[in-house]
Amino acid sequence: MARLSRLEKLEILADAAKYDASCASSGAAGRHSRGSGNGGVGSTTGMGICHSYSPDGRCISLLKILMTNMCMFECHYCINRSSSNVRRAAFTIDEVVELTLDFYKRNYIEGLFLSSGIIRSPDYTMEQIVEVARRLRVDHRFRGYIHLKTIPEGDPDLIAQAGRYADRLSINIELPSDAAIRDLAPEKDAGRIRRTMADLGQRIGAAKAERRASRKAPVFAPAGQSTQMIVGADDSSDEVVLHASSSLYDRFALRRVYYSAFSPIPDASRSLPVKPPPLMREHRLYQSDWLLRFYGFSVGEIAGTMQAGRLALDIDPKLAWALQRRDLFPVDVNRAPREALIRVPGLGVRVADRLIAARRHHRLSLADVGRLCRSLRKIRPFIVTRDWRPTGLLDRAELKGAIVAPRPASQLPLFE
C-alpha cells in the first residue's frame, strides 16, 4: 500500500466512518476548550466532523473516523468488507491522538467518535482503540467527549477498559434477526453480541450504583451504550425491526438504537437489494422508536397501524394510531392526564407538560393551545378546550386528508 499523507488518510477514513449512524452524544455535558474563549468559532465542513444533537438541543461536533477501513470480516452489506475493492488506509495511534487534540484545541470539535475495521484479530483492534482513549485521557488529560465502537468478539477485559475512558460505547447489532446476521455477516455471532451488550449493561448499572453511593467511585461509560440496525439490507419488516429494538431496550438498557437505511455498495453480493429503501422508512422508524421510549406506546399498538408489517410512509405513526382509535378522542386538555395528552397527534411531551402547567391557572382555550404548539392543524380534531369541541369531525372519512398537508418528497424533522 502506497504511503499516504495524514490528510489523505483523513479523507478516506472519515468517509468510511459515515456509514455508522450510532454516533451521538446525548449523554455529554457541555464543554469548551480552555483558553479559547467563549466566542470561538470552528469549521462546520471539515472532513471527519459530524454534528450530533443532545436532548437539550445543543449541536455537538465530533471527529468521526475509523482507525482503519481494512477488515478481515466479510459482512456483505459493508463497504469495508475484506473483498471490497476500495482504497485502504490506516491511522496509527499517535495520529488519531494528535488529530483529536489538534481539532479540539482549534475548537473544531467537542469530542471523538472512533471505530475500526477488524485487523489481525478482534483483540488487537480493540487494543488499538482503547489505547487511543487511554492516551487522550491519561497522557493528555483530554476532557472532551469520547465515543468508542466496541468489538463484541474482543476480550471482555479490553471492553471493560474502554468503558473507563469513554463516555459512551456502542456495539452494533447491524441486523434485526439472527437469521439475517448468519446470512449477511457470517463471522458475527448474534448471541455473542447480545452477551457483550448484557455485560456492558451490568457494568454501567453497577458503576452508576457505586456513584450514587459515593461520588468518588470511578465512572464507566456514563453516557451508556447504543447500537445500530441497518434497514433494508434484508427483508425484515418494520414490525420485526421494532420488536428487536424493544427487546434491546428492555434487556440491556440501551440509550439509543440508531436506524441506518441500507445504501447499495459496489460489487455487492447478489443477496443484497439493488435499490435502497426510502429514507422516509428510516424516518418513520425513528418516530416509532420515540413513541416506544417516551410516549408509552407498545410495539403491538404501532404494529396495529401497519400494512404487511410496514409503517405508513405518508403519515407519522402516532397519527396513524389515533385515526384507528378515534374512540379514545377527543381529549379534554383541561382535564386529561398526561398519559392521554401525549398521545394526541401533534402534542409532544414538552407541550403536554406546558399545557398541564398552564391549566392550573385558568381553563385553556383553543387559542391558548395554539400559543403553546407549532400548529393546530393536526391537534384540533383530537382535543376539547374551553371554547372548542370537534363535533362530528372525528367521524369524517376524509379526516386524514384534512389533517395532512401536502408536502414535497423530502426528509422531515423527527417530530413536529
# chains A, B, ... in the order shown; residues from 1 in each chain; ligands from 1
call {"tool": "residues_around", "arguments": {"residues": "A:Ala162", "least_positions_apart": "2", "cutoff": "12 Å", "atoms": "only C-alpha atoms", "output": "ChimeraX atom specification"}}
result
/A:114,126-135,137,146-151,154-160,164-170,200,203-204,219-222,225
call {"tool": "write_last_selection", "arguments": {"atoms": "N, CA and C atoms", "output": "short mmCIF file (atom, residue, chain, number, x, y, z; two decimals), in the first residue's frame"}}
result
data_model
loop_
_atom_site.label_atom_id
_atom_site.label_comp_id
_atom_site.auth_asym_id
_atom_site.auth_seq_id
_atom_site.Cartn_x
_atom_site.Cartn_y
_atom_site.Cartn_z
N LEU A 114 -14.74 7.01 17.53
CA LEU A 114 -13.71 6.17 16.92
C LEU A 114 -14.21 4.75 16.74
N MET A 126 -9.19 -4.01 19.20
CA MET A 126 -9.73 -3.40 20.40
C MET A 126 -8.63 -2.75 21.22
N GLU A 127 -7.46 -3.37 21.25
CA GLU A 127 -6.32 -2.78 21.97
C GLU A 127 -5.95 -1.42 21.38
N GLN A 128 -5.97 -1.33 20.05
CA GLN A 128 -5.65 -0.06 19.38
C GLN A 128 -6.65 1.03 19.77
N ILE A 129 -7.93 0.69 19.73
CA ILE A 129 -8.97 1.67 20.05
C ILE A 129 -8.85 2.13 21.50
N VAL A 130 -8.66 1.18 22.41
CA VAL A 130 -8.56 1.51 23.83
C VAL A 130 -7.33 2.37 24.10
N GLU A 131 -6.24 2.06 23.43
CA GLU A 131 -5.01 2.81 23.68
C GLU A 131 -5.16 4.27 23.25
N VAL A 132 -5.89 4.53 22.18
CA VAL A 132 -6.15 5.91 21.78
C VAL A 132 -6.86 6.65 22.92
N ALA A 133 -7.92 6.03 23.44
CA ALA A 133 -8.68 6.67 24.52
C ALA A 133 -7.84 6.84 25.78
N ARG A 134 -7.02 5.83 26.08
CA ARG A 134 -6.18 5.92 27.29
C ARG A 134 -5.21 7.08 27.19
N ARG A 135 -4.55 7.19 26.04
CA ARG A 135 -3.57 8.28 25.88
C ARG A 135 -4.24 9.64 25.96
N ARG A 137 -7.03 10.44 27.59
CA ARG A 137 -7.48 10.72 28.95
C ARG A 137 -6.33 10.86 29.94
N ILE A 146 -15.81 11.22 24.35
CA ILE A 146 -15.26 10.10 23.61
C ILE A 146 -16.33 9.01 23.48
N HIS A 147 -16.57 8.61 22.24
CA HIS A 147 -17.49 7.51 21.94
C HIS A 147 -16.68 6.45 21.19
N LEU A 148 -16.60 5.25 21.76
CA LEU A 148 -15.83 4.18 21.15
C LEU A 148 -16.75 3.09 20.63
N LYS A 149 -16.50 2.66 19.42
CA LYS A 149 -17.19 1.49 18.87
C LYS A 149 -16.45 0.25 19.37
N THR A 150 -17.15 -0.59 20.12
CA THR A 150 -16.51 -1.76 20.68
C THR A 150 -16.77 -2.99 19.82
N ILE A 151 -15.91 -3.96 19.97
CA ILE A 151 -15.94 -5.17 19.14
C ILE A 151 -16.37 -6.33 20.03
N GLY A 154 -14.10 -9.13 20.96
CA GLY A 154 -12.90 -8.81 21.72
C GLY A 154 -12.96 -9.31 23.15
N ASP A 155 -11.79 -9.33 23.81
CA ASP A 155 -11.69 -9.76 25.20
C ASP A 155 -12.53 -8.85 26.09
N PRO A 156 -13.34 -9.42 26.99
CA PRO A 156 -14.17 -8.59 27.89
C PRO A 156 -13.36 -7.60 28.72
N ASP A 157 -12.12 -7.96 29.07
CA ASP A 157 -11.30 -7.04 29.84
C ASP A 157 -10.95 -5.79 29.04
N LEU A 158 -10.76 -5.95 27.73
CA LEU A 158 -10.48 -4.79 26.89
C LEU A 158 -11.70 -3.89 26.79
N ILE A 159 -12.87 -4.49 26.67
CA ILE A 159 -14.10 -3.70 26.61
C ILE A 159 -14.32 -2.99 27.94
N ALA A 160 -13.96 -3.65 29.04
CA ALA A 160 -14.07 -3.01 30.36
C ALA A 160 -13.13 -1.81 30.45
N ARG A 164 -13.84 2.63 30.90
CA ARG A 164 -13.24 3.53 31.89
C ARG A 164 -12.79 4.84 31.26
N TYR A 165 -12.55 4.82 29.94
CA TYR A 165 -12.06 6.02 29.27
C TYR A 165 -13.12 6.71 28.42
N ALA A 166 -14.13 5.98 27.98
CA ALA A 166 -15.12 6.53 27.05
C ALA A 166 -16.36 7.04 27.77
N ASP A 167 -16.99 8.05 27.19
CA ASP A 167 -18.29 8.50 27.69
C ASP A 167 -19.38 7.53 27.26
N ARG A 168 -19.30 7.05 26.03
CA ARG A 168 -20.29 6.12 25.51
C ARG A 168 -19.60 5.02 24.73
N LEU A 169 -20.18 3.82 24.79
CA LEU A 169 -19.74 2.68 24.00
C LEU A 169 -20.89 2.24 23.11
N SER A 170 -20.56 1.75 21.93
CA SER A 170 -21.61 1.18 21.08
C SER A 170 -21.15 -0.16 20.54
N LEU A 200 -21.97 -5.24 29.27
CA LEU A 200 -21.80 -3.79 29.33
C LEU A 200 -22.89 -3.15 30.17
N ARG A 203 -22.20 -3.65 33.82
CA ARG A 203 -21.09 -2.81 34.29
C ARG A 203 -21.54 -1.36 34.43
N ILE A 204 -22.31 -0.87 33.45
CA ILE A 204 -22.78 0.51 33.50
C ILE A 204 -23.71 0.71 34.69
N VAL A 219 -16.13 6.31 37.17
CA VAL A 219 -17.22 6.27 36.20
C VAL A 219 -16.95 5.17 35.18
N PHE A 220 -18.02 4.70 34.54
CA PHE A 220 -17.89 3.69 33.50
C PHE A 220 -18.93 4.01 32.43
N ALA A 221 -18.47 4.44 31.27
CA ALA A 221 -19.35 4.78 30.14
C ALA A 221 -20.59 5.51 30.65
N PRO A 222 -20.42 6.71 31.24
CA PRO A 222 -21.55 7.40 31.87
C PRO A 222 -22.69 7.75 30.91
N GLN A 225 -24.73 2.92 26.51
CA GLN A 225 -24.36 2.22 25.27
C GLN A 225 -25.47 2.38 24.23
#
call {"tool": "atom_distance", "arguments": {"atom1": "atom CA of A:Thr196", "atom2": "atom CA of A:Ile173"}}
result
10.7 Å
call {"tool": "select_by_dssp", "arguments": {"residues": "stretch 300-401 of chain A", "states": "helix (DSSP H, G or I)", "output": "NGL selection string"}}
result
:A and (300-303 or 317-324 or 326-328 or 338-341 or 349-358 or 366-372 or 380-382 or 393-395 or 399-401)
call {"tool": "residues_around", "arguments": {"residues": "A:Asn69", "least_positions_apart": "3", "cutoff": "9 Å", "atoms": "only C-alpha atoms", "output": "PDB file with C-alpha atoms, in the first residue's frame"}}
result
ATOM      1  CA  ILE A  12     -10.548   8.029   3.321  1.00  0.00           C
ATOM      2  CA  LEU A  13     -11.250   7.074   6.924  1.00  0.00           C
ATOM      3  CA  ALA A  16     -15.607   5.228   5.592  1.00  0.00           C
ATOM      4  CA  ALA A  17     -16.990   6.148   9.020  1.00  0.00           C
ATOM      5  CA  LEU A  66     -12.066   4.798  11.611  1.00  0.00           C
ATOM      6  CA  ILE A  79     -18.314  -1.201   2.044  1.00  0.00           C
ATOM      7  CA  ASN A  80     -15.158  -2.103   4.019  1.00  0.00           C
ATOM      8  CA  ARG A  81     -15.610  -5.887   3.886  1.00  0.00           C
ATOM      9  CA  VAL A  86     -11.925   0.242  -2.003  1.00  0.00           C
ATOM     10  CA  ARG A  87      -8.941   2.421  -1.283  1.00  0.00           C
ATOM     11  CA  ARG A  88      -7.495   1.339   2.075  1.00  0.00           C
ATOM     12  CA  ALA A  89      -5.819   3.372   4.785  1.00  0.00           C
ATOM     13  CA  ALA A  90      -4.877   3.090   8.444  1.00  0.00           C
ATOM     14  CA  SER A 116     -12.400   0.495  13.096  1.00  0.00           C
ATOM     15  CA  GLY A 117     -12.346  -2.399  10.704  1.00  0.00           C
ATOM     16  CA  ILE A 118     -11.097  -5.658  12.218  1.00  0.00           C
TER      17      ILE A 118
END
call {"tool": "residues_around", "arguments": {"residues": "stretch 275-286 of chain A", "least_positions_apart": "3", "cutoff": "10 Å", "atoms": "only C-alpha atoms", "output": "number ranges by chain"}}
result
A: 230-233, 238-239, 241-242, 257-265, 272, 289-292, 310-317, 409-415
call {"tool": "select_by_dssp", "arguments": {"residues": "stretch 104-271 of chain A", "states": "strand (DSSP E or B)", "output": "PDB file with C-alpha atoms, in the first residue's frame"}}
result
ATOM      1  CA  GLY A 111     -15.018  15.048  21.079  1.00  0.00           C
ATOM      2  CA  LEU A 112     -14.144  11.881  19.188  1.00  0.00           C
ATOM      3  CA  PHE A 113     -16.116   9.001  17.704  1.00  0.00           C
ATOM      4  CA  LEU A 114     -13.715   6.167  16.922  1.00  0.00           C
ATOM      5  CA  SER A 115     -14.457   2.892  15.168  1.00  0.00           C
ATOM      6  CA  TYR A 145     -16.428  13.554  24.732  1.00  0.00           C
ATOM      7  CA  ILE A 146     -15.261  10.095  23.605  1.00  0.00           C
ATOM      8  CA  HIS A 147     -17.489   7.507  21.940  1.00  0.00           C
ATOM      9  CA  LEU A 148     -15.828   4.179  21.148  1.00  0.00           C
ATOM     10  CA  LYS A 149     -17.185   1.491  18.867  1.00  0.00           C
ATOM     11  CA  ARG A 168     -20.292   6.117  25.513  1.00  0.00           C
ATOM     12  CA  LEU A 169     -19.735   2.684  23.998  1.00  0.00           C
ATOM     13  CA  SER A 170     -21.607   1.184  21.081  1.00  0.00           C
ATOM     14  CA  GLU A 174     -26.461  -4.334  12.488  1.00  0.00           C
ATOM     15  CA  GLN A 225     -24.358   2.224  25.272  1.00  0.00           C
ATOM     16  CA  SER A 226     -26.025   2.390  21.871  1.00  0.00           C
ATOM     17  CA  THR A 227     -26.342   0.247  18.761  1.00  0.00           C
ATOM     18  CA  GLN A 228     -27.201   0.467  15.082  1.00  0.00           C
ATOM     19  CA  MET A 229     -29.547  -1.502  12.843  1.00  0.00           C
ATOM     20  CA  ILE A 230     -29.346  -1.379   9.070  1.00  0.00           C
ATOM     21  CA  VAL A 231     -32.786  -1.092   7.490  1.00  0.00           C
ATOM     22  CA  ARG A 256     -30.369   4.568  21.721  1.00  0.00           C
ATOM     23  CA  VAL A 257     -30.980   2.281  18.804  1.00  0.00           C
ATOM     24  CA  TYR A 258     -29.980   4.026  15.579  1.00  0.00           C
ATOM     25  CA  TYR A 259     -31.500   3.121  12.236  1.00  0.00           C
ATOM     26  CA  SER A 260     -29.489   3.407   9.039  1.00  0.00           C
ATOM     27  CA  ALA A 261     -31.124   2.963   5.644  1.00  0.00           C
TER      28      ALA A 261
END
call {"tool": "residues_around", "arguments": {"residues": "A:Leu10", "least_positions_apart": "3", "cutoff": "12 Å", "atoms": "only C-alpha atoms", "output": "list in words"}}
result
Leu4, Ser5, Arg6, Leu7, Leu13, Ala14, Asp15, Ala16, Ala17, Gly46, Met47, Gly48, Ile49, Leu63, Lys64, Ile65, Leu66, Met67, Thr68, Asn69, Arg88, Ala89, Ala90, Phe91, Thr92, Glu95, Val96, Leu99 and Thr100 of chain A
call {"tool": "write_last_selection", "arguments": {"atoms": "N, CA and C atoms", "output": "mmCIF file, in the first residue's frame"}}
result
data_model
loop_
_atom_site.group_PDB
_atom_site.id
_atom_site.type_symbol
_atom_site.label_atom_id
_atom_site.label_comp_id
_atom_site.auth_asym_id
_atom_site.auth_seq_id
_atom_site.Cartn_x
_atom_site.Cartn_y
_atom_site.Cartn_z
ATOM 1 N N LEU A 4 0.536 7.133 2.457
ATOM 2 C CA LEU A 4 -0.440 8.206 2.340
ATOM 3 C C LEU A 4 -0.139 9.304 3.347
ATOM 4 N N SER A 5 -0.479 10.523 2.967
ATOM 5 C CA SER A 5 -0.338 11.635 3.897
ATOM 6 C C SER A 5 -1.458 11.555 4.938
ATOM 7 N N ARG A 6 -1.297 12.283 6.007
ATOM 8 C CA ARG A 6 -2.324 12.279 7.042
ATOM 9 C C ARG A 6 -3.646 12.827 6.492
ATOM 10 N N LEU A 7 -3.577 13.826 5.636
ATOM 11 C CA LEU A 7 -4.784 14.395 5.051
ATOM 12 C C LEU A 7 -5.491 13.376 4.168
ATOM 13 N N LEU A 13 -10.712 7.701 5.721
ATOM 14 C CA LEU A 13 -11.250 7.074 6.924
ATOM 15 C C LEU A 13 -12.411 7.854 7.540
ATOM 16 N N ALA A 14 -12.512 9.138 7.221
ATOM 17 C CA ALA A 14 -13.713 9.876 7.620
ATOM 18 C C ALA A 14 -14.886 9.480 6.738
ATOM 19 N N ASP A 15 -14.621 9.314 5.435
ATOM 20 C CA ASP A 15 -15.683 8.890 4.525
ATOM 21 C C ASP A 15 -16.163 7.484 4.876
ATOM 22 N N ALA A 16 -15.234 6.604 5.246
ATOM 23 C CA ALA A 16 -15.607 5.228 5.592
ATOM 24 C C ALA A 16 -16.430 5.165 6.866
ATOM 25 N N ALA A 17 -16.263 6.154 7.746
ATOM 26 C CA ALA A 17 -16.990 6.148 9.020
ATOM 27 C C ALA A 17 -18.422 6.645 8.893
ATOM 28 N N GLY A 46 -15.347 20.569 7.938
ATOM 29 C CA GLY A 46 -14.111 19.817 7.846
ATOM 30 C C GLY A 46 -14.328 18.331 7.697
ATOM 31 N N MET A 47 -13.403 17.657 6.994
ATOM 32 C CA MET A 47 -13.514 16.212 6.835
ATOM 33 C C MET A 47 -13.483 15.534 8.191
ATOM 34 N N GLY A 48 -14.389 14.596 8.392
ATOM 35 C CA GLY A 48 -14.404 13.843 9.630
ATOM 36 C C GLY A 48 -15.196 14.482 10.736
ATOM 37 N N ILE A 49 -15.762 15.666 10.530
ATOM 38 C CA ILE A 49 -16.527 16.331 11.576
ATOM 39 C C ILE A 49 -18.000 16.079 11.334
ATOM 40 N N LEU A 63 -15.194 14.476 15.917
ATOM 41 C CA LEU A 63 -14.323 13.914 14.895
ATOM 42 C C LEU A 63 -14.705 12.448 14.748
ATOM 43 N N LYS A 64 -15.267 12.087 13.608
ATOM 44 C CA LYS A 64 -15.793 10.744 13.395
ATOM 45 C C LYS A 64 -14.945 10.036 12.346
ATOM 46 N N ILE A 65 -14.156 9.071 12.795
ATOM 47 C CA ILE A 65 -13.213 8.402 11.899
ATOM 48 C C ILE A 65 -13.076 6.925 12.267
ATOM 49 N N LEU A 66 -12.482 6.172 11.345
ATOM 50 C CA LEU A 66 -12.066 4.798 11.611
ATOM 51 C C LEU A 66 -10.568 4.782 11.870
ATOM 52 N N MET A 67 -10.120 3.854 12.698
ATOM 53 C CA MET A 67 -8.685 3.603 12.801
ATOM 54 C C MET A 67 -8.169 3.101 11.459
ATOM 55 N N THR A 68 -8.950 2.191 10.849
ATOM 56 C CA THR A 68 -8.618 1.670 9.531
ATOM 57 C C THR A 68 -9.883 1.148 8.871
ATOM 58 N N ASN A 69 -9.896 1.201 7.533
ATOM 59 C CA ASN A 69 -11.016 0.598 6.807
ATOM 60 C C ASN A 69 -10.629 -0.763 6.239
ATOM 61 N N ARG A 88 -7.692 1.648 0.650
ATOM 62 C CA ARG A 88 -7.495 1.339 2.075
ATOM 63 C C ARG A 88 -6.515 2.308 2.716
ATOM 64 N N ALA A 89 -6.708 2.506 4.016
ATOM 65 C CA ALA A 89 -5.819 3.372 4.785
ATOM 66 C C ALA A 89 -5.883 2.948 6.242
ATOM 67 N N ALA A 90 -4.901 3.395 7.011
ATOM 68 C CA ALA A 90 -4.877 3.090 8.444
ATOM 69 C C ALA A 90 -4.162 4.211 9.186
ATOM 70 N N PHE A 91 -4.753 4.652 10.271
ATOM 71 C CA PHE A 91 -4.098 5.596 11.175
ATOM 72 C C PHE A 91 -3.267 4.838 12.197
ATOM 73 N N THR A 92 -2.208 5.461 12.655
ATOM 74 C CA THR A 92 -1.516 4.971 13.844
ATOM 75 C C THR A 92 -2.215 5.548 15.073
ATOM 76 N N GLU A 95 -1.355 9.191 15.446
ATOM 77 C CA GLU A 95 -2.041 10.078 14.507
ATOM 78 C C GLU A 95 -3.453 10.409 14.959
ATOM 79 N N VAL A 96 -4.166 9.425 15.471
ATOM 80 C CA VAL A 96 -5.532 9.694 15.947
ATOM 81 C C VAL A 96 -5.502 10.621 17.151
ATOM 82 N N LEU A 99 -4.560 14.174 15.915
ATOM 83 C CA LEU A 99 -5.669 14.794 15.182
ATOM 84 C C LEU A 99 -6.759 15.274 16.137
ATOM 85 N N THR A 100 -7.101 14.424 17.091
ATOM 86 C CA THR A 100 -8.158 14.778 18.042
ATOM 87 C C THR A 100 -7.774 16.009 18.845
#
call {"tool": "atom_distance", "arguments": {"atom1": "atom CA of A:Lys400", "atom2": "atom CA of A:Trp321"}}
result
11.6 Å
call {"tool": "atom_distance", "arguments": {"atom1": "atom CA of A:Ile171", "atom2": "atom CA of A:Asp234"}}
result
19.7 Å
call {"tool": "closest_residue", "arguments": {"among": "A:Ala268, A:Ala198, A:Ile356, A:Cys75", "to": "A:Ala340", "atoms": "only C-alpha atoms"}}
result
A:Ile356
